[in-house]
Amino acid sequence: MEIVIPQVEREKDTFEVKINFRDLTVNKNDIELALGYTEGAIPVHFEEMVDDVLSQLPSHCEIQAGYRLLDVNKSDDRNDGLFVGDKFFKLHKIVTSQLRKSEKAALFISTIGPAMETWAKTLSTEGDIALSYLVDIVASVTEEQTTDVLQDHIEKQMQMRGLKITNRYSPGYCDWSVSEQHLLFSFFPVNFCGIVLTDSALMVPIKSVSGIIGVGTEVKKVNYTCDTCGMKDCTYRAYRRGKTKRTN
Amino acid sequence: MDELVVRISHCVENGKINKASPYPNAMKGMEGADELTKQALDAAIGPDAILQACNDGMQRIGERFSRNEVFVPELLMAAKAMHAVMAHLEPFFKSGTVKVKGKFVLGTVAGDLHDIGKNLVRMVVEGNGWEVIDLGVDVKSTKFLDAIKNTPGCIVGLSALLTTTMVNMSKTVQEIKIQFPATKVIVGGAPLTMDAALKMGADGYSHDPQGAVTFLDKISAA
């Protein structure tokens with residue numbers, strides 16, 4: 001049965017999406033791949049530790065997510081980004097080209113809350129560095145999957161309007177400056193989804209994702225262009241690699 | 001080489017902390033780095049030989065890591081086993097019997113909260129006989145400059161994971177070189193290459209913790 005996730009319009013075109021932990025399917029294979037192992041090659045000891053972390057994951061997640069729909073204004077004389085609402089986002093040409101045909105943009109944020117990072121920090125302080133690392137990786141994979149669910153939700157909402165969506169892109173990746181988080185967050189109410197920014201544009205809680213999705217009649221999702229990026233050890237690349245393997 | 005020293009090195013490489021530790025599966029129930037180090041010291045084996053065993057074990061696991069034969073969890077277990085050895089050697093460092101090789105100021109640059117790589121470098125560098133001053137994550141240039149001022153003769157390590165924070169890394173390297181031109185700087189992190197490191201004015205680059213140790217030892221020997 002298809003999952004229908006409720007959303008609440010908090011302000012005009014700004015929606016809170018009520019994602020529940022049950023809506024996620026955190027897959028152990030994704031975690032193994034994010035750790036670097038090929039499927040089934042994780043040592044038994046670490047596999048047991050991952051199982052233990054996964055069993056405690058639901059009680060350590062406080063998921064919040066939301067998005068805002070804005071008009072995209074095209075500027076013919078600029079190819080280094082695009083205007084969303086009245087503000088210009090400076091984007092890498094790869095991202096700009098994917099979003100160019102968008103009529104609207106969904107700016108989104110999501111988080112699994114602070115409990116996993118607090119747990120990882122406590123373990124690290126106590127000297128259990130390997131378990132701390134595994135908690136951190138499980139948290140990262142869970143947060144990516146939360147964002148997958150949010151993206152799917154946005155896609156369904158847009159389909160109801162006869163619109164399609166692009167892939168999602170986040171500041172800090174694909175050569176999009178992390179400093180543009182301030183610009184992105186300026187479109188949301190203060191403390192929206194319980195996420196705040198530090199001076200250096202990092203999100204708190206740490207296990208949060210923000211970004212942009214293009215929306216329109218002429219846009220489409222494409223294969224991620226990770227191969228053109230120099231960030232070989234990117235968590236997102238490992239996560240995408242896991243997803244591709246699982247869906248193939 | 002003494003058999004105990006060889007076994008300590010093997011425990012470090014394989015992350016066998018102590019007898020009670022269930023990791024790795026193949027060494028379950030065996031004595032680990034903790035018990036063997038105590039036995040070695042009781043047998044009047046010098047702390048330098050034990051420290052060298054640690055270094056050798058860490059070097060081997062570091063090389064396997066570089067070849068993608070093992071991953072971060074194995075490296076962390078090795079670092080933990082190494083720490084079990086270091087706990088026994090601590091008094092020798094304090095008394096001066098074993099001298100620290102030097103001081104290493106380390107941090108993840110401003111705009112980046114990733115600390116796994118930095119922490120790995122810290123543990124491996126400490127295990128190789130260096131004192132590490134860990135400034136944490138999201139560290140602004142001014143904090144690095146203050147630490148250098150307060151730690152004469154130190155070497156500096158900068159870490160970053162995000163491609164976009166390489167700009168901050170470059171700025172930090174340049175500010176260090178303006179104010180402390182003699183201070184050696186090594187950079188590391190997923191988005192970096194030797195070419196990028198040299199362009200930003202760093203003296204060295206490493207893609208793994210063992211490379212950082214090699215760099216530090218080379219500077220210290222010069």
# chains A, B, ... in the order shown; residues from 1 in each chain; ligands from 1

call {"tool": "closest_atom_pairs", "arguments": {"of": "chain A", "to": "chain B", "cutoff": "8 Å", "atoms": "only C-alpha atoms", "output": "CSV"}}
result
residue,atom,partner,partner_atom,distance
A:Leu35,CA,B:Phe71,CA,7.1
A:Gly36,CA,B:Phe71,CA,6.3
A:Tyr37,CA,B:Phe71,CA,7.5
A:Val44,CA,B:Asn25,CA,7.7
A:His45,CA,B:Tyr23,CA,6.5
A:Phe46,CA,B:Pro73,CA,7.6
A:Ile129,CA,B:Leu76,CA,6.5
A:Ala130,CA,B:Pro73,CA,5.6
A:Tyr133,CA,B:Ile116,CA,7.4
A:Leu134,CA,B:Pro73,CA,7.8
A:Gly172,CA,B:Thr164,CA,5.6
A:Tyr173,CA,B:Thr163,CA,6.9
A:Cys174,CA,B:Thr163,CA,8.0
A:Asp175,CA,B:Thr164,CA,5.9
A:Trp176,CA,B:Thr164,CA,6.9
A:Ser177,CA,B:Thr164,CA,5.3
A:Val178,CA,B:Thr164,CA,6.4
A:Ser200,CA,B:Gly111,CA,4.9
A:Ala201,CA,B:Gly111,CA,6.5
A:Leu202,CA,B:Gly111,CA,6.4
A:Gly230,CA,B:Pro191,CA,5.8
A:Met231,CA,B:Pro191,CA,4.5
A:Lys232,CA,B:Ala190,CA,6.3
A:Asp233,CA,B:Ala190,CA,5.5
A:Cys234,CA,B:Ala190,CA,7.3

call {"tool": "residues_around", "arguments": {"residues": "Val26 (chain A)", "least_positions_apart": "2", "cutoff": "12 Å", "atoms": "only C-alpha atoms", "output": "VMD selection string"}}
result
chain A and resid 21 to 24 28 to 32 50 to 51 53 to 55 57 to 58 137 to 146 148 to 149 239 242 to 243

call {"tool": "select_by_dssp", "arguments": {"residues": "region 57-130 of chain B", "states": "helix (DSSP H, G or I)", "output": "MDAnalysis selection string"}}
result
chainID B and resid 57:66 72:95 116:127

call {"tool": "select_by_dssp", "arguments": {"residues": "region 1-147 of chain B", "states": "strand (DSSP E)", "output": "list in words"}}
result
Lys103, Phe104, Val105, Leu106, Gly107, Thr108, Glu131, Val132, Ile133 and Asp134 of chain B

call {"tool": "write_last_selection", "arguments": {"atoms": "N, CA and C atoms", "output": "PDB file, in the first residue's frame"}}
result
ATOM      1  N   LYS B 103      55.292  18.601  18.601  1.00  0.00           N
ATOM      2  CA  LYS B 103      53.898  18.985  18.852  1.00  0.00           C
ATOM      3  C   LYS B 103      53.171  19.231  17.530  1.00  0.00           C
ATOM      4  N   PHE B 104      51.962  18.713  17.473  1.00  0.00           N
ATOM      5  CA  PHE B 104      51.181  18.777  16.235  1.00  0.00           C
ATOM      6  C   PHE B 104      49.832  19.423  16.547  1.00  0.00           C
ATOM      7  N   VAL B 105      49.598  20.602  15.979  1.00  0.00           N
ATOM      8  CA  VAL B 105      48.321  21.306  16.168  1.00  0.00           C
ATOM      9  C   VAL B 105      47.387  20.878  15.029  1.00  0.00           C
ATOM     10  N   LEU B 106      46.205  20.384  15.399  1.00  0.00           N
ATOM     11  CA  LEU B 106      45.334  19.754  14.409  1.00  0.00           C
ATOM     12  C   LEU B 106      43.894  20.272  14.527  1.00  0.00           C
ATOM     13  N   GLY B 107      43.220  20.441  13.403  1.00  0.00           N
ATOM     14  CA  GLY B 107      41.813  20.836  13.461  1.00  0.00           C
ATOM     15  C   GLY B 107      41.128  20.740  12.110  1.00  0.00           C
ATOM     16  N   THR B 108      39.789  20.622  12.140  1.00  0.00           N
ATOM     17  CA  THR B 108      38.983  20.688  10.919  1.00  0.00           C
ATOM     18  C   THR B 108      38.647  22.150  10.673  1.00  0.00           C
ATOM     19  N   GLU B 131      52.913  14.708  20.429  1.00  0.00           N
ATOM     20  CA  GLU B 131      51.869  15.322  21.255  1.00  0.00           C
ATOM     21  C   GLU B 131      50.926  16.072  20.315  1.00  0.00           C
ATOM     22  N   VAL B 132      49.628  15.794  20.432  1.00  0.00           N
ATOM     23  CA  VAL B 132      48.672  16.432  19.524  1.00  0.00           C
ATOM     24  C   VAL B 132      47.811  17.437  20.288  1.00  0.00           C
ATOM     25  N   ILE B 133      47.738  18.644  19.760  1.00  0.00           N
ATOM     26  CA  ILE B 133      46.839  19.663  20.318  1.00  0.00           C
ATOM     27  C   ILE B 133      45.651  19.726  19.357  1.00  0.00           C
ATOM     28  N   ASP B 134      44.538  19.127  19.778  1.00  0.00           N
ATOM     29  CA  ASP B 134      43.371  18.988  18.903  1.00  0.00           C
ATOM     30  C   ASP B 134      42.437  20.184  19.125  1.00  0.00           C
TER      31      ASP B 134
END

call {"tool": "atom_distance", "arguments": {"atom1": "CA of Val213 (chain B)", "atom2": "CA of Arg67 (chain B)"}}
result
17.4 Å

call {"tool": "atom_distance", "arguments": {"atom1": "CA of Gly32 (chain B)", "atom2": "CA of Gly15 (chain B)"}}
result
8.6 Å

call {"tool": "residues_around", "arguments": {"residues": "region 149-154 of chain B", "least_positions_apart": "4", "cutoff": "12 Å", "atoms": "only C-alpha atoms", "output": "number ranges by chain"}}
result
B: 101-106, 130-133, 142-145, 176, 179-186, 216, 219-220

call {"tool": "write_last_selection", "arguments": {"atoms": "N, CA and C atoms", "output": "tab-separated table (two decimals), in the first residue's frame"}}
result
chain	number	residue	atom	x	y	z
B	101	LYS	N	58.10	13.28	19.99
B	101	LYS	CA	58.85	13.71	18.81
B	101	LYS	C	58.65	15.19	18.50
B	102	GLY	N	57.50	15.72	18.94
B	102	GLY	CA	57.20	17.12	18.67
B	102	GLY	C	55.72	17.39	18.93
B	103	LYS	N	55.29	18.60	18.60
B	103	LYS	CA	53.90	18.98	18.85
B	103	LYS	C	53.17	19.23	17.53
B	104	PHE	N	51.96	18.71	17.47
B	104	PHE	CA	51.18	18.78	16.24
B	104	PHE	C	49.83	19.42	16.55
B	105	VAL	N	49.60	20.60	15.98
B	105	VAL	CA	48.32	21.31	16.17
B	105	VAL	C	47.39	20.88	15.03
B	106	LEU	N	46.21	20.38	15.40
B	106	LEU	CA	45.33	19.75	14.41
B	106	LEU	C	43.89	20.27	14.53
B	130	TRP	N	53.93	11.55	19.02
B	130	TRP	CA	53.77	13.01	18.93
B	130	TRP	C	52.73	13.49	19.93
B	131	GLU	N	52.91	14.71	20.43
B	131	GLU	CA	51.87	15.32	21.25
B	131	GLU	C	50.93	16.07	20.32
B	132	VAL	N	49.63	15.79	20.43
B	132	VAL	CA	48.67	16.43	19.52
B	132	VAL	C	47.81	17.44	20.29
B	133	ILE	N	47.74	18.64	19.76
B	133	ILE	CA	46.84	19.66	20.32
B	133	ILE	C	45.65	19.73	19.36
B	142	THR	N	41.85	32.26	13.19
B	142	THR	CA	42.38	32.94	14.39
B	142	THR	C	42.73	31.93	15.48
B	143	LYS	N	41.93	30.87	15.57
B	143	LYS	CA	42.18	29.85	16.59
B	143	LYS	C	43.46	29.07	16.27
B	144	PHE	N	43.68	28.80	14.99
B	144	PHE	CA	44.92	28.14	14.59
B	144	PHE	C	46.11	29.05	14.91
B	145	LEU	N	45.95	30.33	14.58
B	145	LEU	CA	47.07	31.28	14.80
B	145	LEU	C	47.41	31.39	16.28
B	176	ILE	N	48.39	31.49	8.05
B	176	ILE	CA	49.47	30.90	8.86
B	176	ILE	C	50.83	31.26	8.26
B	179	GLN	N	51.82	34.95	8.93
B	179	GLN	CA	52.22	35.27	10.31
B	179	GLN	C	53.34	34.38	10.83
B	180	PHE	N	53.36	33.12	10.39
B	180	PHE	CA	54.38	32.18	10.88
B	180	PHE	C	55.00	31.44	9.69
B	181	PRO	N	55.80	32.13	8.89
B	181	PRO	CA	56.31	31.52	7.65
B	181	PRO	C	57.12	30.24	7.86
B	182	ALA	N	57.72	30.08	9.05
B	182	ALA	CA	58.55	28.89	9.27
B	182	ALA	C	57.72	27.67	9.69
B	183	THR	N	56.46	27.91	10.02
B	183	THR	CA	55.62	26.79	10.50
B	183	THR	C	55.20	25.90	9.33
B	184	LYS	N	55.46	24.61	9.49
B	184	LYS	CA	55.10	23.65	8.43
B	184	LYS	C	53.63	23.26	8.57
B	185	VAL	N	52.96	23.17	7.42
B	185	VAL	CA	51.53	22.86	7.42
B	185	VAL	C	51.26	21.66	6.51
B	186	ILE	N	50.53	20.70	7.04
B	186	ILE	CA	50.09	19.57	6.21
B	186	ILE	C	48.56	19.61	6.15
B	216	LEU	N	55.42	14.11	9.29
B	216	LEU	CA	55.89	14.68	10.56
B	216	LEU	C	57.28	14.16	10.91
B	219	ILE	N	59.92	15.84	8.81
B	219	ILE	CA	60.21	17.22	9.24
B	219	ILE	C	61.05	17.19	10.52
B	220	SER	N	60.66	16.30	11.43
B	220	SER	CA	61.34	16.26	12.71
B	220	SER	C	62.79	15.77	12.57

call {"tool": "closest_residue", "arguments": {"among": "B:Gly136, B:Gly57, B:Gly96, B:Gly29", "to": "Arg122 (chain B)", "atoms": "only C-alpha atoms"}}
result
B:Gly136

call {"tool": "atom_distance", "arguments": {"atom1": "CA of Gly66 (chain A)", "atom2": "CA of Thr14 (chain A)"}}
result
7.4 Å

call {"tool": "residues_around", "arguments": {"residues": "Lys90 (chain A)", "least_positions_apart": "2", "cutoff": "8 Å", "atoms": "only C-alpha atoms", "output": "PyMOL selection string"}}
result
chain A and resi 80-82+88+92+176-177+180

call {"tool": "residues_around", "arguments": {"residues": "region 158-160 of chain A", "least_positions_apart": "2", "cutoff": "12 Å", "atoms": "only C-alpha atoms", "output": "JSON, numbers by chain"}}
result
{"A": [69, 103, 104, 105, 106, 151, 152, 153, 154, 155, 156, 162, 163, 164, 165, 166, 213, 214, 215, 216, 217, 219]}

call {"tool": "write_last_selection", "arguments": {"atoms": "N, CA, C and O atoms", "output": "mmCIF file, in the first residue's frame"}}
result
data_model
loop_
_atom_site.group_PDB
_atom_site.id
_atom_site.type_symbol
_atom_site.label_atom_id
_atom_site.label_comp_id
_atom_site.auth_asym_id
_atom_site.auth_seq_id
_atom_site.Cartn_x
_atom_site.Cartn_y
_atom_site.Cartn_z
ATOM 1 N N LEU A 69 7.764 26.317 -1.484
ATOM 2 C CA LEU A 69 7.709 26.428 -2.947
ATOM 3 C C LEU A 69 7.859 27.883 -3.352
ATOM 4 O O LEU A 69 7.158 28.759 -2.831
ATOM 5 N N GLU A 103 10.297 25.823 -13.298
ATOM 6 C CA GLU A 103 9.407 26.985 -13.161
ATOM 7 C C GLU A 103 9.317 27.401 -11.695
ATOM 8 O O GLU A 103 9.133 28.560 -11.359
ATOM 9 N N LYS A 104 9.442 26.372 -10.840
ATOM 10 C CA LYS A 104 9.441 26.614 -9.392
ATOM 11 C C LYS A 104 10.592 25.849 -8.762
ATOM 12 O O LYS A 104 11.175 24.962 -9.399
ATOM 13 N N ALA A 105 10.882 26.207 -7.526
ATOM 14 C CA ALA A 105 11.886 25.455 -6.764
ATOM 15 C C ALA A 105 11.294 25.109 -5.407
ATOM 16 O O ALA A 105 10.597 25.938 -4.804
ATOM 17 N N ALA A 106 11.551 23.899 -4.962
ATOM 18 C CA ALA A 106 11.188 23.514 -3.590
ATOM 19 C C ALA A 106 12.469 23.560 -2.764
ATOM 20 O O ALA A 106 13.375 22.756 -2.973
ATOM 21 N N GLN A 151 11.733 13.941 -0.416
ATOM 22 C CA GLN A 151 11.784 14.199 -1.865
ATOM 23 C C GLN A 151 10.638 13.465 -2.581
ATOM 24 O O GLN A 151 9.986 14.036 -3.459
ATOM 25 N N ASP A 152 10.410 12.196 -2.190
ATOM 26 C CA ASP A 152 9.298 11.429 -2.791
ATOM 27 C C ASP A 152 7.957 12.125 -2.525
ATOM 28 O O ASP A 152 7.081 12.180 -3.393
ATOM 29 N N HIS A 153 7.834 12.644 -1.303
ATOM 30 C CA HIS A 153 6.593 13.339 -0.926
ATOM 31 C C HIS A 153 6.400 14.583 -1.803
ATOM 32 O O HIS A 153 5.304 14.823 -2.325
ATOM 33 N N ILE A 154 7.483 15.347 -1.953
ATOM 34 C CA ILE A 154 7.397 16.561 -2.781
ATOM 35 C C ILE A 154 7.034 16.176 -4.218
ATOM 36 O O ILE A 154 6.198 16.821 -4.862
ATOM 37 N N GLU A 155 7.624 15.099 -4.693
ATOM 38 C CA GLU A 155 7.344 14.642 -6.060
ATOM 39 C C GLU A 155 5.844 14.327 -6.228
ATOM 40 O O GLU A 155 5.215 14.732 -7.214
ATOM 41 N N LYS A 156 5.285 13.615 -5.235
ATOM 42 C CA LYS A 156 3.854 13.265 -5.322
ATOM 43 C C LYS A 156 2.983 14.524 -5.284
ATOM 44 O O LYS A 156 1.993 14.630 -6.009
ATOM 45 N N GLY A 162 0.414 18.389 -11.733
ATOM 46 C CA GLY A 162 0.836 18.168 -13.113
ATOM 47 C C GLY A 162 2.277 18.560 -13.368
ATOM 48 O O GLY A 162 2.672 18.848 -14.504
ATOM 49 N N LEU A 163 3.080 18.563 -12.306
ATOM 50 C CA LEU A 163 4.488 18.991 -12.440
ATOM 51 C C LEU A 163 5.449 17.846 -12.096
ATOM 52 O O LEU A 163 5.089 16.904 -11.389
ATOM 53 N N LYS A 164 6.670 17.959 -12.615
ATOM 54 C CA LYS A 164 7.714 16.969 -12.316
ATOM 55 C C LYS A 164 8.811 17.641 -11.479
ATOM 56 O O LYS A 164 8.816 18.865 -11.314
ATOM 57 N N ILE A 165 9.727 16.808 -10.988
ATOM 58 C CA ILE A 165 10.820 17.381 -10.180
ATOM 59 C C ILE A 165 12.181 16.938 -10.716
ATOM 60 O O ILE A 165 12.293 15.963 -11.442
ATOM 61 N N THR A 166 13.221 17.670 -10.268
ATOM 62 C CA THR A 166 14.611 17.304 -10.584
ATOM 63 C C THR A 166 15.189 16.510 -9.415
ATOM 64 O O THR A 166 14.507 16.273 -8.419
ATOM 65 N N ILE A 213 15.171 21.540 -4.934
ATOM 66 C CA ILE A 213 14.666 20.625 -5.958
ATOM 67 C C ILE A 213 13.946 21.487 -6.995
ATOM 68 O O ILE A 213 13.103 22.316 -6.630
ATOM 69 N N GLY A 214 14.295 21.303 -8.259
ATOM 70 C CA GLY A 214 13.617 22.040 -9.316
ATOM 71 C C GLY A 214 12.258 21.410 -9.616
ATOM 72 O O GLY A 214 12.096 20.191 -9.522
ATOM 73 N N VAL A 215 11.286 22.271 -9.977
ATOM 74 C CA VAL A 215 9.917 21.799 -10.250
ATOM 75 C C VAL A 215 9.444 22.433 -11.556
ATOM 76 O O VAL A 215 9.669 23.624 -11.785
ATOM 77 N N GLY A 216 8.795 21.637 -12.395
ATOM 78 C CA GLY A 216 8.271 22.209 -13.640
ATOM 79 C C GLY A 216 7.727 21.132 -14.555
ATOM 80 O O GLY A 216 7.782 19.936 -14.240
ATOM 81 N N THR A 217 7.244 21.564 -15.689
ATOM 82 C CA THR A 217 6.704 20.599 -16.654
ATOM 83 C C THR A 217 7.812 20.008 -17.520
ATOM 84 O O THR A 217 7.676 18.918 -18.066
ATOM 85 N N VAL A 219 11.141 19.579 -16.538
ATOM 86 C CA VAL A 219 12.330 19.083 -15.816
ATOM 87 C C VAL A 219 12.253 17.569 -15.667
ATOM 88 O O VAL A 219 11.202 16.961 -15.856
#

call {"tool": "residues_around", "arguments": {"residues": "region 182-187 of chain A", "least_positions_apart": "3", "cutoff": "12 Å", "atoms": "only C-alpha atoms", "output": "ChimeraX atom specification"}}
result
/A:11-14,66-70,83-90,105-109,169-171,176-179,190-203,209-212

call {"tool": "closest_residue", "arguments": {"among": "B:Asp42, B:Asp48, B:Asp208, B:Asp146", "to": "Leu89 (chain B)", "atoms": "only C-alpha atoms"}}
result
B:Asp48

call {"tool": "residues_around", "arguments": {"residues": "Ser66 (chain B)", "least_positions_apart": "6", "cutoff": "10 Å", "atoms": "only C-alpha atoms", "output": "number ranges by chain"}}
result
B: 60, 207-211

call {"tool": "decode", "arguments": {"residues": "region 109-138 of chain B", "atoms": "N, CA and C atoms", "output": "mmCIF file, in the first residue's frame"}}
result
data_model
loop_
_atom_site.group_PDB
_atom_site.id
_atom_site.type_symbol
_atom_site.label_atom_id
_atom_site.label_comp_id
_atom_site.auth_asym_id
_atom_site.auth_seq_id
_atom_site.Cartn_x
_atom_site.Cartn_y
_atom_site.Cartn_z
ATOM 1 N N VAL B 109 38.841 22.620 9.454
ATOM 2 C CA VAL B 109 38.743 24.057 9.167
ATOM 3 C C VAL B 109 37.315 24.602 9.298
ATOM 4 N N ALA B 110 37.210 25.923 9.381
ATOM 5 C CA ALA B 110 35.920 26.606 9.539
ATOM 6 C C ALA B 110 34.943 26.178 8.446
ATOM 7 N N GLY B 111 33.701 25.992 8.830
ATOM 8 C CA GLY B 111 32.672 25.621 7.865
ATOM 9 C C GLY B 111 32.529 24.124 7.689
ATOM 10 N N ASP B 112 33.263 23.358 8.465
ATOM 11 C CA ASP B 112 33.227 21.904 8.308
ATOM 12 C C ASP B 112 33.182 21.239 9.688
ATOM 13 N N LEU B 113 32.194 20.360 9.867
ATOM 14 C CA LEU B 113 32.033 19.717 11.171
ATOM 15 C C LEU B 113 32.515 18.268 11.173
ATOM 16 N N HIS B 114 33.096 17.824 10.070
ATOM 17 C CA HIS B 114 33.491 16.412 9.977
ATOM 18 C C HIS B 114 34.759 16.145 10.791
ATOM 19 N N ASP B 115 34.697 15.159 11.659
ATOM 20 C CA ASP B 115 35.854 14.948 12.536
ATOM 21 C C ASP B 115 36.418 13.540 12.522
ATOM 22 N N ILE B 116 35.810 12.640 11.759
ATOM 23 C CA ILE B 116 36.304 11.258 11.782
ATOM 24 C C ILE B 116 37.752 11.189 11.272
ATOM 25 N N GLY B 117 38.001 11.818 10.131
ATOM 26 C CA GLY B 117 39.352 11.801 9.555
ATOM 27 C C GLY B 117 40.351 12.459 10.493
ATOM 28 N N LYS B 118 39.947 13.604 11.028
ATOM 29 C CA LYS B 118 40.836 14.319 11.948
ATOM 30 C C LYS B 118 41.146 13.462 13.178
ATOM 31 N N ASN B 119 40.120 12.831 13.725
ATOM 32 C CA ASN B 119 40.329 12.016 14.927
ATOM 33 C C ASN B 119 41.243 10.819 14.651
ATOM 34 N N LEU B 120 41.086 10.245 13.469
ATOM 35 C CA LEU B 120 41.955 9.124 13.095
ATOM 36 C C LEU B 120 43.410 9.579 13.027
ATOM 37 N N VAL B 121 43.605 10.726 12.396
ATOM 38 C CA VAL B 121 44.960 11.273 12.296
ATOM 39 C C VAL B 121 45.513 11.530 13.699
ATOM 40 N N ARG B 122 44.665 12.115 14.550
ATOM 41 C CA ARG B 122 45.117 12.403 15.918
ATOM 42 C C ARG B 122 45.609 11.128 16.612
ATOM 43 N N MET B 123 44.800 10.076 16.536
ATOM 44 C CA MET B 123 45.138 8.846 17.253
ATOM 45 C C MET B 123 46.404 8.194 16.711
ATOM 46 N N VAL B 124 46.510 8.174 15.390
ATOM 47 C CA VAL B 124 47.673 7.523 14.779
ATOM 48 C C VAL B 124 48.941 8.344 15.045
ATOM 49 N N VAL B 125 48.821 9.656 14.968
ATOM 50 C CA VAL B 125 49.985 10.521 15.208
ATOM 51 C C VAL B 125 50.429 10.427 16.675
ATOM 52 N N GLU B 126 49.448 10.427 17.584
ATOM 53 C CA GLU B 126 49.780 10.268 19.015
ATOM 54 C C GLU B 126 50.489 8.938 19.246
ATOM 55 N N GLY B 127 49.980 7.904 18.605
ATOM 56 C CA GLY B 127 50.556 6.568 18.766
ATOM 57 C C GLY B 127 51.958 6.457 18.215
ATOM 58 N N ASN B 128 52.315 7.416 17.414
ATOM 59 C CA ASN B 128 53.670 7.432 16.866
ATOM 60 C C ASN B 128 54.582 8.372 17.631
ATOM 61 N N GLY B 129 54.143 8.764 18.813
ATOM 62 C CA GLY B 129 55.033 9.498 19.708
ATOM 63 C C GLY B 129 54.980 11.006 19.612
ATOM 64 N N TRP B 130 53.929 11.551 19.019
ATOM 65 C CA TRP B 130 53.772 13.006 18.931
ATOM 66 C C TRP B 130 52.731 13.492 19.934
ATOM 67 N N GLU B 131 52.913 14.708 20.429
ATOM 68 C CA GLU B 131 51.869 15.322 21.255
ATOM 69 C C GLU B 131 50.926 16.072 20.315
ATOM 70 N N VAL B 132 49.628 15.794 20.432
ATOM 71 C CA VAL B 132 48.672 16.432 19.524
ATOM 72 C C VAL B 132 47.811 17.437 20.288
ATOM 73 N N ILE B 133 47.738 18.644 19.760
ATOM 74 C CA ILE B 133 46.839 19.663 20.318
ATOM 75 C C ILE B 133 45.651 19.726 19.357
ATOM 76 N N ASP B 134 44.538 19.127 19.778
ATOM 77 C CA ASP B 134 43.371 18.988 18.903
ATOM 78 C C ASP B 134 42.437 20.184 19.125
ATOM 79 N N LEU B 135 42.278 21.012 18.093
ATOM 80 C CA LEU B 135 41.441 22.217 18.217
ATOM 81 C C LEU B 135 39.981 21.939 17.894
ATOM 82 N N GLY B 136 39.668 20.729 17.458
ATOM 83 C CA GLY B 136 38.276 20.362 17.197
ATOM 84 C C GLY B 136 37.844 20.615 15.761
ATOM 85 N N VAL B 137 36.545 20.894 15.597
ATOM 86 C CA VAL B 137 35.988 21.093 14.254
ATOM 87 C C VAL B 137 35.528 22.543 14.084
ATOM 88 N N ASP B 138 35.273 22.930 12.820
ATOM 89 C CA ASP B 138 34.784 24.275 12.515
ATOM 90 C C ASP B 138 35.719 25.327 13.134
#
